[in-house]
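J.: For reference, the structure I am asking about is given below.
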Amino acid sequence: MNDSPVPKKILIVDDDRSIVSVLTFLLKGTGYDVISASSGEEGLDWLGVARPDLIILDITMGGIDGFEFCELVKKYGTFKDIPVIFLTAKDTMGHINQAFELGAADYLVKPVDHRKLIATVQKYLPSAALQAEA
Amino acid sequence: MNAAEKTNNPPPGISGPGDSPQMPAKLSNIVAAMVDAVIIVDKRGIVRFVNPAGETLFGRKAEEFVGKSFGISLVEGHPTEVDITRKEGERITAEMLAAPISWGDKSAYIVSLRNITERKKLEQLKDEFIATVSHELRTPLFSMRIGVGQVVDGIQGGLSPNQKEILSLTLGEIDRMTRIVNNLLDVSKIETGRIQLQKSFIDIAAVIEKTANHFDGAVREEGLELKIAHGRDIPRVLADPDRIGQIISNLIGNALQYTLPGGKISVEVHSERGYVRCTVADTGVGISRPDLSRIFDKFTRLGNNPKGNSCGSGLGLAISRILVGAHGGSIWAESEPGRGTSVSFRLPDYKNENLFRECLRDEIAKAREAKEEIGLLGVRLEKADALKEQAGEKTGLFLEQLSVLSGEMLSPPVLLWCLKNSAEFIGILRGKTGEKAPEDLLSRLRKVQFLLNGKPVDLELSVAGAGGPAGDTEESALLGLLRERLRETKPLSVSSRRKRSVLVTDDNKEVVHLINRLLERENIKCLNAYNGAEAMEIVSREIPDMILLDLVMPVMSGYEVIECLKRNPRTANIPLLLISAHDIDEMKLSKSASGFIPSLAKPFSMDKLLEIIRGALKTELINISC
């Protein structure tokens with residue numbers, strides 16, 4: 001057992017900077033490490049540099065969209081076990097089914113309560129290095 | 001008196017044999033000058049008269065019309081929208097109203113049409129606008145909520161009491177704005193028919209309590225008292241808990257607005273004669289008689305808001321009415337100005353057999369009037385004890401969910417009532433005899449494995465249908481017939497342990513032998529046929545999970561087999577794979593069946609065959625969490 005476990009790393013891919021900012025604060029405040037990308041391409045760049053333990057992914061982005069990104073991630077051996085959680089405003093069954101078919105671990109529809117978001121992340125990434133004080 | 005009034009000449013637009021009556025000159029001026037098109041169509045559908053506006057609408061002169069077939073079916077009693085292609089090819093939309101009229105000594109129809117193409121464009125623009133704006137507003141609202149929410153919760157450090165209070169208020173305002181935006185989005189979705197409900201059997205009293213508790217703070221602030229009460233033994237209702245919460249929030253929110261400090265709001269839930277009724281009552285300012293009939297209309301807000309602030313979009317009750325309707329229920333309001341208002345809605349208890357019979361009687365009557373057929377689809381759980389052993393006290397909940405999922409397996413989905421203590425699911429099919437539905441459901445169930453909280457559950461389900469022309473049908477006889485068929489039918493084992501079977505049909509014994517060896521290793525049962533007739537004989541005895549079919553065979557060819565299979569609802573959905581050494585005769589194939597049938601040309605690799613078979617036999621796992 002480690003004394004000071006390394007915080008788990010979450011990659012957020014979303015082209016909305018405000019959402020990325022508040023989510024970064026939220027996840028860091030809960031004890032995770034956060035890297036962010038504002039496009040699918042940037043997300044792929046990050047994957048080349050650092051291996052995240054979880055990915056939070058929007059769908060609508062210019063260039064490579066969330067579905068394409070997820071498909072690419074799940075194709076490569078090294079990354080395909082990383083849980084991918086979609087966080088998007090799209091709420092139709094078609095989108096939800098497509099996400100799960102591409103191998104998504106979960107699907108959250110914006111707007112989602114911040115507590116539910118944390119609970120979902122913790123489901124796939126149980127140990128946070130520091131616990132938040134409620 | 002001017003020249004036009006004195007004339008007796010037939011007004012423009014009338015032509016044809018002298019069966020047209022004389023129209024007094026003033027009236028003929030009206031008809032000639034009207035902006036709406038007026039057309040007289042006789043009982044055979046032939047146009048007898050067109051006014052100038054009609055010529056403009058259709059872009060044709062009267063001579064091109066009169067004496068020819070109108071070409072558009074008429075609907076009496078309410079306006080309909082029709083698409084019209086003008087002479088130059090331009091397409092417009094018109095609103096049409098038809099009514100009977102006597103034309104000379106014969107009966108005919110007077111049809112008025114108005115060009116609503118512009119109006120429809122505007123409506124569509126409006127809908128798109130609402131949807132886009134609401135969508136655009138949601139993003140910053142979400143950002144704000146995540147930001148303020150995490151600070152209020154202390155995730156970014158401690159707060160002073162004042163800081164916490166101010167940010168809590170801000171959070172409340174963000175939520176309020178989100179509700180308004182959601183309402184707008186709802187309305188535009190509802191108008192374009194895009195609303196989706198996630199129904200399951202829920203404890204409505206619990207949902208109501210949870211929702212009402214959200215209002216504790218607001219209630220205290222307004223100096224009011226909120227009481228929640230419910231009768232004993234409220235049955236679980238089939239509903240979308242979020243939407244029920246939305247309706248209750250709307251009703252309590254309204255009560256808060258219209259009740260002055262010192263007043264009371266009560267929320268009650270009762271079970272009444274097959275329905276679950278929920279009433280939100282207040283001791284507020286009340287609503288006058290004329291206003292009471294308007295409150296469920298869109299964008300209606302009453303002027304007598306005692307608290308002054310005009311919050312809300314006037315959509316809440318309109319949305320609530322639509323949501324209640326989508327649940328098969330009804331909503332109504334009673335009020336006494338100065339004393340208070342109560343708004344109630346009731347939802348059917350889809351486990352109540354008396355209510356089911358009542359609804360069935362209703363549907364039979366409606367089908368009889370429309371000269372349609374009526375049918376029932378039934379599913380019965382056999383060996384309930386085996387399930388009880390595995391599911392224990394969750395058995396009831398599991399079965400309720402199963403009834404919802406089973407109904408959703410059909411296309412279009414069928415609402416299945418959960419009767420006889422949840423051991424029997426029955427759905428009413430109007431316009432159909434219930435012949436195809438059981439087979440569709442069975443073919444779906446063959447590919448499915450249910451899990452209870454992640455653990456596999458083995459079920460034995462009998463599926464049957466009954467029905468016929470509504471004119472010959474009576475409620476208890478139909479129900480009795482269905483139940484009898486359920487008793488007689490052989491149940492399907494919905495379980496991963498059921499050994500899958502593949503019918504291998506080929507006149508080449510070598511091929512059949514090879515495939516047998518391959519599939520035995522996969523624990524798949526092989527049924528072998530060496531010609532089409534043998535194949536059909538096997539199918540008549542037992543339905544295989546898949547059929548491998550050669551095409552060119554003696555006695556009965558593969559093409560004929562396909563035709564037979566597709567004709568019978570029992571066998572129409574069995575996955576097929578054509579294995580043929582020859583080129584497939586596409587013409588012959590398309591005569592036997594429409595739609596795509598996969599094929600694998602010989603010689604094929606066993607690996608490929610196995611891959612295809614595994615894919616076709618793949619079991620879909622459906623988890624029910626209780």
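Ligands are numbered from 1 in the order shown, residues from 1 within each chain, and chains are lettered A, B, ... in the order they appear in the structure tokens.
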When you look at B:Asp472 with a cut-off of 12 Å (counting only C-alpha atoms), what residues show up, excluding the ones that are within fewer than 6 positions of it in the same chain? I need them as a list in words.

T.: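 Neighbouring residues, sequence-local ones excluded: Ile364, Ala365, Ala367, Arg368, Lys371, Glu372, Glu373, Ile374, Gly375 and Leu478 of chain B.
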
J.: Find the residues in chain A near chain B: any atom within 9 Å counts, using only C-alpha atoms. Write them as a PyMOL selection string.

T.: chain A and resi 16+18-23+25-26+29-30+89+92+110-115+132-134

J.: Give me the residues near stretch 32-36 of chain B as a ChimeraX atom specification, where near means some atom within 6 Å (using only C-alpha atoms) and where sequence neighbours in that chain fewer than 3 positions away do not count.

T.: /B:28-29,51-53,113-114

J.: Find, counting only C-alpha atoms, the residue in A:Glu101, A:Phe86, A:Asp33, A:Asp15 that gets nearest to A:Leu125.

T.: A:Asp33

J.: Mind giving me the straight-line distance from atom CA of B:Pro456 to atom CA of B:Ser411 in Å, one decimal?

T.: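 For atom CA of B:Pro456 relative to atom CA of B:Ser411, the distance reads 25.6 Å.
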
J.: What gap, in Å, lies between atom CA of B:Leu159 and atom CA of B:Arg179?

T.: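 About the pair atom CA of B:Leu159 and atom CA of B:Arg179: they are 27.1 Å apart.
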
J.: Hey, what's within 12 Å of A:Val73 if we count only C-alpha atoms and toss same-chain stuff fewer than 6 positions away? As a list in words, please?

T.: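 My reading of the contact set: Gly40, Glu41, Gly43, Leu44, Asp45, Trp46, Leu47, Gly48, Arg51, Pro52, Leu54, Ile55, Leu57, Gly66, Phe67, Phe79, Lys80, Asp81, Ile82, Pro83, Val84, Leu102, Gly103 and Ala104 of chain A.
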
J.: Could you write those residues out with C-alpha atoms, as a tab-separated table (two decimals), in the first residue's frame?

T.:
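This went into again21.tsv:
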```tsv
chain	number	residue	atom	x	y	z
A	40	GLY	CA	-10.49	15.70	-30.85
A	41	GLU	CA	-7.13	16.27	-32.50
A	43	GLY	CA	-7.07	14.96	-27.38
A	44	LEU	CA	-5.22	12.52	-29.57
A	45	ASP	CA	-2.05	14.57	-29.12
A	46	TRP	CA	-2.43	14.24	-25.36
A	47	LEU	CA	-2.84	10.50	-25.65
A	48	GLY	CA	0.56	10.34	-27.29
A	51	ARG	CA	-1.96	7.98	-20.58
A	52	PRO	CA	-5.14	9.14	-18.84
A	54	LEU	CA	-10.39	8.11	-17.67
A	55	ILE	CA	-11.72	10.24	-20.51
A	57	LEU	CA	-15.83	13.36	-23.84
A	66	GLY	CA	-16.63	12.70	-29.96
A	67	PHE	CA	-17.79	9.51	-31.68
A	79	PHE	CA	-5.79	2.84	-24.87
A	80	LYS	CA	-8.83	0.69	-25.39
A	81	ASP	CA	-9.25	-0.14	-21.70
A	82	ILE	CA	-9.51	3.47	-20.64
A	83	PRO	CA	-13.12	4.12	-19.55
A	84	VAL	CA	-14.78	6.75	-21.71
A	102	LEU	CA	-18.46	2.37	-29.68
A	103	GLY	CA	-17.52	1.07	-26.25
A	104	ALA	CA	-18.42	3.96	-23.97
```

J.: Looking only at strand (DSSP E) from DSSP on the backbone, list the matching residues of stretch 48-245 of chain B as a PyMOL selection string.

T.: chain B and resi 48-50+80-85+91-103+106-115+200-202+225-230+237-239

J.: Go ahead and compute the interatomic distance for atom CA of B:Ala464 and atom CA of B:Thr489, in Å to one decimal.

T.: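 Calculated distance between atom CA of B:Ala464 and atom CA of B:Thr489 is 7.1 Å.
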
J.: Under the rule that only C-alpha atoms are counted, which of B:Ile101, B:Leu167, B:Ala391, B:Leu251 is the nearest residue to B:Asn453?

T.: B:Ala391

J.: Might you pull out every residue within 9 Å of B:Glu400, with only C-alpha atoms counted and same-chain residues fewer than 3 positions away left off, and present them as a ChimeraX atom specification?

T.: /B:200-201,238,395-397,403-405,418,422,425

J.: Using the selection just defined, write its residues with C-alpha atoms as a PDB file, in the first residue's frame.

T.:
```pdb
ATOM      1  CA  SER B 200     -41.119   2.012 -15.328  1.00  0.00           C
ATOM      2  CA  PHE B 201     -43.318   0.974 -12.436  1.00  0.00           C
ATOM      3  CA  LEU B 238     -46.186   2.955 -14.906  1.00  0.00           C
ATOM      4  CA  THR B 395     -39.663 -10.786  -7.987  1.00  0.00           C
ATOM      5  CA  GLY B 396     -42.550  -8.340  -8.299  1.00  0.00           C
ATOM      6  CA  LEU B 397     -40.310  -5.426  -9.295  1.00  0.00           C
ATOM      7  CA  SER B 403     -43.503  -6.261 -18.765  1.00  0.00           C
ATOM      8  CA  VAL B 404     -42.295  -2.800 -19.765  1.00  0.00           C
ATOM      9  CA  LEU B 405     -39.272  -4.165 -21.637  1.00  0.00           C
ATOM     10  CA  CYS B 418     -49.131  -6.309 -15.646  1.00  0.00           C
ATOM     11  CA  SER B 422     -47.456  -9.708 -12.373  1.00  0.00           C
ATOM     12  CA  PHE B 425     -48.689  -9.296 -19.278  1.00  0.00           C
TER      13      PHE B 425
END
```

J.: With only C-alpha atoms as the basis for distance, which of A:Gly94, A:Lys28, A:Arg17, A:Leu11 is at the shortest distance from A:Val49?

T.: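 Ranking A:Gly94, A:Lys28, A:Arg17, A:Leu11 by distance to A:Val49, first place goes to A:Leu11.
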
J.: Would you mind listing what lies within 8 Å of stretch 609-615 of chain B as a list of chain:residue names, with only C-alpha atoms counted and same-chain residues fewer than 2 positions away left out?

T.: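 Counting only the stated atoms, we get B:Leu518, B:Leu519, B:Met546, B:Leu600, B:Phe604, B:Ser605, B:Met606, B:Asp607, B:Leu617, B:Lys618.
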
J.: I want to know what sits within 9 Å of stretch 120-124 of chain A, based on only C-alpha atoms, with residues of the same chain fewer than 3 positions away left out; could you give that as a short mmCIF file (atom, residue, chain, number, x, y, z; two decimals) with C-alpha atoms, in the first residue's frame?

T.:
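Okay, part_32.cif is ready:
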```
data_model
loop_
_atom_site.label_atom_id
_atom_site.label_comp_id
_atom_site.auth_asym_id
_atom_site.auth_seq_id
_atom_site.Cartn_x
_atom_site.Cartn_y
_atom_site.Cartn_z
CA LEU A 54 -10.39 8.11 -17.67
CA ILE A 56 -14.67 12.65 -20.35
CA PRO A 83 -13.12 4.12 -19.55
CA ILE A 85 -17.65 8.77 -20.26
CA ALA A 105 -18.52 3.15 -20.28
CA ASP A 106 -21.23 5.68 -19.49
CA LEU A 108 -24.24 11.69 -19.14
CA ARG A 115 -22.52 15.47 -7.64
CA LYS A 116 -23.84 12.96 -10.14
CA LEU A 117 -20.87 13.65 -12.38
CA SER A 127 -9.63 5.90 -5.57
CA ALA A 128 -9.05 9.60 -5.49
#
```

J.: For B:Leu479, which residue out of B:Glu542, B:Glu353, B:Glu209, B:Glu393 is the nearest one, using only C-alpha atoms?

T.: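 The closest residue to B:Leu479 is B:Glu353.
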